[in-house]
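A.B. asks: Sharing a structure here in structure tokens format.
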Amino acid sequence: MARFDPFEIIHLKPNRDGKFTRLLHLPPAQTNDDPSTGEAVLSKDAIINHEKGTKVRIYLPIKCISSGERLPVVYYFHGCAWVHFSPDNPRVHFERQWTAATIPAIIILVFYGLAPDTKLPGQYNDAEESLLWTKRQALDPNGEPWLKNYADLSKCFLSGSGSGGNIVFNTGLRAMKMDLNPLKFIGLIMNQPLFGGQRRTESEIRFAADQIIPLPDLDLVWELALPNGVNRDHRFCNPMVEGPHLQKINLLPPCLVLGFGMDPLIDRQREFVQLLMMYGVKIEAYFDEIGFHRFEIVDIKSRVNLLNTIKQFIHTQIAYVDPYYNDDIM
């Protein structure tokens, strides 16, 4: 029987020097900030930390330029289990264009450091830095014009998939204790958030051979992402454990959690929903019984349903905080 190599699944090659070579290379998607090209959604990159080279990619629906309507801001943190992808990935890029046009919203796609080069909480630090950068743009008379002219920063959301969903939760906990005025976060969106733990759950065992992230790879990516010397019952991985994060959960705004019933992570996602409810967070949870981890990548119907659910959640939260909100505009 052939030996199973979890590094092959995540396209990483361990080197003799202890470092890793990434084997997954895709041609980068290009931005376009020229309105004359006729694209429905414009995009451009902005450096948020010149020393580290950290940046974000901003998506702007073209129709708000002519209408003058200010749009909500939705941060997005991509998935791929901590180790792969960036906003340059064509699938990530085109999905954000689609999301920006459909909601509609200004999307801020955050380039965060990848494991194992960046260990947690480095990814949370990059996320926090993107929020502080946005605040600086809002307060600077010469700040980023797309945000200054078209963003409604009183209606901000954090969203992410997989490991990005984990970043949303942990960044949301930080944001509730930060002075981010004029930014106001009114919702968190976590699509199949990546959590773990030392104890095996029933779904991890039942779907151990998941085609996207089988159980050996779940173990491996946490080994690569977690700080040295801690196990999967650290709060970065397992939000159910005791820790200072529990004292902040009740401060979170309404949350949307999405998942699929054949995902190895589904039991942990359900436990996570129960945790949020226990601390009084307003929660919406939708778990489709048919579908494996990140099923929406290969199934267009699931992709459309997920986006429609996210759109409805965003509109509902905006209507709740804004009595003059007109859903017909969006």
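Following the order of the structure tokens, first chain is A, next is B, and so on, with residues numbered from 1 inside each chain and ligands from 1 in the order they appear.
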May I have the residues within 10 Å of Ile266 of chain A as a list in words, using only C-alpha atoms and disregarding those fewer than 3 positions away in the same chain?
C.D. replies: Gln192, Pro193, Leu194, Phe195, Thr201, Glu202, Ser203, Glu204, Phe207, Leu258, Gly259, Phe260, Gly261, Met262, Asp263, Gln269, Arg270, Glu271, Phe272, Phe287, Glu289, Phe292 and His293 of chain A
A.B. asks: If we count only C-alpha atoms, what is near segment 87-91 of chain A at a cut-off of 7 Å, once residues fewer than 3 positions away on the same chain are taken out, given as a VMD selection string?
C.D. replies: chain A and resid 26 28 to 29 94 to 95 109 111
A.B. asks: So, with only C-alpha atoms as the atoms that count, which of A:Val73, A:Gly243, A:Ser36, A:Phe295 lies closest to Ser161 of chain A?
C.D. replies: A:Phe295
A.B. asks: So that I can check the secondary structure, give me every residue of segment 25-70 of chain A assigned strand (DSSP E or B) by backbone DSSP, as an MDAnalysis selection string.
C.D. replies: chainID A and resid 41:49 54:61
A.B. asks: Extract the full set of alpha helix (DSSP H) residues from segment 236-317 of chain A according to DSSP on the backbone, and format it as a PDB file with N, CA and C atoms, in the first residue's frame.
C.D. replies:
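Generated output (part-v1.pdb):
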```pdb
ATOM      1  N   ILE A 266     -17.587  19.840  10.880  1.00  0.00           N
ATOM      2  CA  ILE A 266     -18.964  20.248  11.175  1.00  0.00           C
ATOM      3  C   ILE A 266     -19.286  20.154  12.665  1.00  0.00           C
ATOM      4  N   ASP A 267     -18.790  19.131  13.361  1.00  0.00           N
ATOM      5  CA  ASP A 267     -19.088  19.015  14.796  1.00  0.00           C
ATOM      6  C   ASP A 267     -18.491  20.187  15.571  1.00  0.00           C
ATOM      7  N   ARG A 268     -17.292  20.590  15.222  1.00  0.00           N
ATOM      8  CA  ARG A 268     -16.670  21.722  15.912  1.00  0.00           C
ATOM      9  C   ARG A 268     -17.406  23.023  15.591  1.00  0.00           C
ATOM     10  N   GLN A 269     -17.895  23.149  14.367  1.00  0.00           N
ATOM     11  CA  GLN A 269     -18.650  24.351  14.008  1.00  0.00           C
ATOM     12  C   GLN A 269     -19.955  24.418  14.783  1.00  0.00           C
ATOM     13  N   ARG A 270     -20.606  23.299  14.976  1.00  0.00           N
ATOM     14  CA  ARG A 270     -21.836  23.279  15.776  1.00  0.00           C
ATOM     15  C   ARG A 270     -21.543  23.586  17.239  1.00  0.00           C
ATOM     16  N   GLU A 271     -20.455  23.056  17.764  1.00  0.00           N
ATOM     17  CA  GLU A 271     -20.052  23.393  19.135  1.00  0.00           C
ATOM     18  C   GLU A 271     -19.769  24.892  19.256  1.00  0.00           C
ATOM     19  N   PHE A 272     -19.147  25.449  18.231  1.00  0.00           N
ATOM     20  CA  PHE A 272     -18.828  26.870  18.215  1.00  0.00           C
ATOM     21  C   PHE A 272     -20.099  27.717  18.258  1.00  0.00           C
ATOM     22  N   VAL A 273     -21.097  27.323  17.488  1.00  0.00           N
ATOM     23  CA  VAL A 273     -22.378  28.031  17.505  1.00  0.00           C
ATOM     24  C   VAL A 273     -22.988  27.984  18.895  1.00  0.00           C
ATOM     25  N   GLN A 274     -22.938  26.819  19.541  1.00  0.00           N
ATOM     26  CA  GLN A 274     -23.465  26.696  20.900  1.00  0.00           C
ATOM     27  C   GLN A 274     -22.702  27.606  21.872  1.00  0.00           C
ATOM     28  N   LEU A 275     -21.393  27.720  21.670  1.00  0.00           N
ATOM     29  CA  LEU A 275     -20.589  28.601  22.520  1.00  0.00           C
ATOM     30  C   LEU A 275     -21.036  30.048  22.374  1.00  0.00           C
ATOM     31  N   LEU A 276     -21.224  30.499  21.142  1.00  0.00           N
ATOM     32  CA  LEU A 276     -21.672  31.870  20.915  1.00  0.00           C
ATOM     33  C   LEU A 276     -23.035  32.112  21.557  1.00  0.00           C
ATOM     34  N   MET A 277     -23.939  31.165  21.405  1.00  0.00           N
ATOM     35  CA  MET A 277     -25.276  31.296  21.988  1.00  0.00           C
ATOM     36  C   MET A 277     -25.196  31.370  23.512  1.00  0.00           C
ATOM     37  N   MET A 278     -24.312  30.569  24.098  1.00  0.00           N
ATOM     38  CA  MET A 278     -24.184  30.524  25.558  1.00  0.00           C
ATOM     39  C   MET A 278     -23.753  31.878  26.116  1.00  0.00           C
ATOM     40  N   ILE A 300     -21.965  25.056  -8.140  1.00  0.00           N
ATOM     41  CA  ILE A 300     -22.416  26.427  -8.370  1.00  0.00           C
ATOM     42  C   ILE A 300     -23.683  26.750  -7.593  1.00  0.00           C
ATOM     43  N   LYS A 301     -24.595  25.782  -7.443  1.00  0.00           N
ATOM     44  CA  LYS A 301     -25.829  26.030  -6.705  1.00  0.00           C
ATOM     45  C   LYS A 301     -25.521  26.369  -5.247  1.00  0.00           C
ATOM     46  N   SER A 302     -24.610  25.611  -4.640  1.00  0.00           N
ATOM     47  CA  SER A 302     -24.229  25.894  -3.251  1.00  0.00           C
ATOM     48  C   SER A 302     -23.554  27.249  -3.140  1.00  0.00           C
ATOM     49  N   ARG A 303     -22.749  27.599  -4.137  1.00  0.00           N
ATOM     50  CA  ARG A 303     -22.062  28.889  -4.132  1.00  0.00           C
ATOM     51  C   ARG A 303     -23.067  30.032  -4.165  1.00  0.00           C
ATOM     52  N   VAL A 304     -24.072  29.909  -5.022  1.00  0.00           N
ATOM     53  CA  VAL A 304     -25.101  30.946  -5.119  1.00  0.00           C
ATOM     54  C   VAL A 304     -25.899  31.033  -3.821  1.00  0.00           C
ATOM     55  N   ASN A 305     -26.261  29.877  -3.262  1.00  0.00           N
ATOM     56  CA  ASN A 305     -27.034  29.866  -2.018  1.00  0.00           C
ATOM     57  C   ASN A 305     -26.254  30.515  -0.871  1.00  0.00           C
ATOM     58  N   LEU A 306     -24.952  30.206  -0.785  1.00  0.00           N
ATOM     59  CA  LEU A 306     -24.126  30.805   0.262  1.00  0.00           C
ATOM     60  C   LEU A 306     -24.076  32.317   0.124  1.00  0.00           C
ATOM     61  N   LEU A 307     -23.858  32.791  -1.094  1.00  0.00           N
ATOM     62  CA  LEU A 307     -23.757  34.229  -1.291  1.00  0.00           C
ATOM     63  C   LEU A 307     -25.085  34.915  -1.007  1.00  0.00           C
ATOM     64  N   ASN A 308     -26.188  34.301  -1.396  1.00  0.00           N
ATOM     65  CA  ASN A 308     -27.495  34.894  -1.115  1.00  0.00           C
ATOM     66  C   ASN A 308     -27.758  34.961   0.383  1.00  0.00           C
ATOM     67  N   THR A 309     -27.335  33.929   1.115  1.00  0.00           N
ATOM     68  CA  THR A 309     -27.506  33.927   2.568  1.00  0.00           C
ATOM     69  C   THR A 309     -26.660  35.024   3.211  1.00  0.00           C
ATOM     70  N   ILE A 310     -25.438  35.179   2.735  1.00  0.00           N
ATOM     71  CA  ILE A 310     -24.558  36.228   3.245  1.00  0.00           C
ATOM     72  C   ILE A 310     -25.134  37.606   2.922  1.00  0.00           C
ATOM     73  N   LYS A 311     -25.627  37.775   1.710  1.00  0.00           N
ATOM     74  CA  LYS A 311     -26.220  39.058   1.301  1.00  0.00           C
ATOM     75  C   LYS A 311     -27.406  39.400   2.190  1.00  0.00           C
ATOM     76  N   GLN A 312     -28.279  38.432   2.451  1.00  0.00           N
ATOM     77  CA  GLN A 312     -29.442  38.679   3.287  1.00  0.00           C
ATOM     78  C   GLN A 312     -29.034  39.042   4.708  1.00  0.00           C
ATOM     79  N   PHE A 313     -28.020  38.370   5.238  1.00  0.00           N
ATOM     80  CA  PHE A 313     -27.530  38.680   6.584  1.00  0.00           C
ATOM     81  C   PHE A 313     -27.017  40.111   6.648  1.00  0.00           C
ATOM     82  N   ILE A 314     -26.234  40.507   5.664  1.00  0.00           N
ATOM     83  CA  ILE A 314     -25.678  41.866   5.634  1.00  0.00           C
ATOM     84  C   ILE A 314     -26.788  42.898   5.566  1.00  0.00           C
ATOM     85  N   HIS A 315     -27.759  42.683   4.691  1.00  0.00           N
ATOM     86  CA  HIS A 315     -28.852  43.637   4.558  1.00  0.00           C
ATOM     87  C   HIS A 315     -29.683  43.717   5.835  1.00  0.00           C
ATOM     88  N   THR A 316     -29.875  42.569   6.495  1.00  0.00           N
ATOM     89  CA  THR A 316     -30.652  42.558   7.736  1.00  0.00           C
ATOM     90  C   THR A 316     -29.945  43.352   8.824  1.00  0.00           C
ATOM     91  N   GLN A 317     -28.639  43.175   8.956  1.00  0.00           N
ATOM     92  CA  GLN A 317     -27.900  43.903   9.993  1.00  0.00           C
ATOM     93  C   GLN A 317     -27.869  45.398   9.702  1.00  0.00           C
TER      94      GLN A 317
END
```
A.B. asks: Considering only C-alpha atoms, can you say which of A:Gly197, A:Ile283, A:Asp17, A:Lys44 comes closest to Val241 of chain A?
C.D. replies: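 Of A:Gly197, A:Ile283, A:Asp17, A:Lys44, the one nearest Val241 of chain A is A:Gly197, counting only C-alpha atoms.
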A.B. asks: Using only C-alpha atoms, find the one residue out of A:Ala209, A:Leu173, A:Ile58, A:Val41 that sits nearest to Thr134 of chain A.
C.D. replies: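 Checking each candidate against Thr134 of chain A, we get A:Ile58 as the closest.
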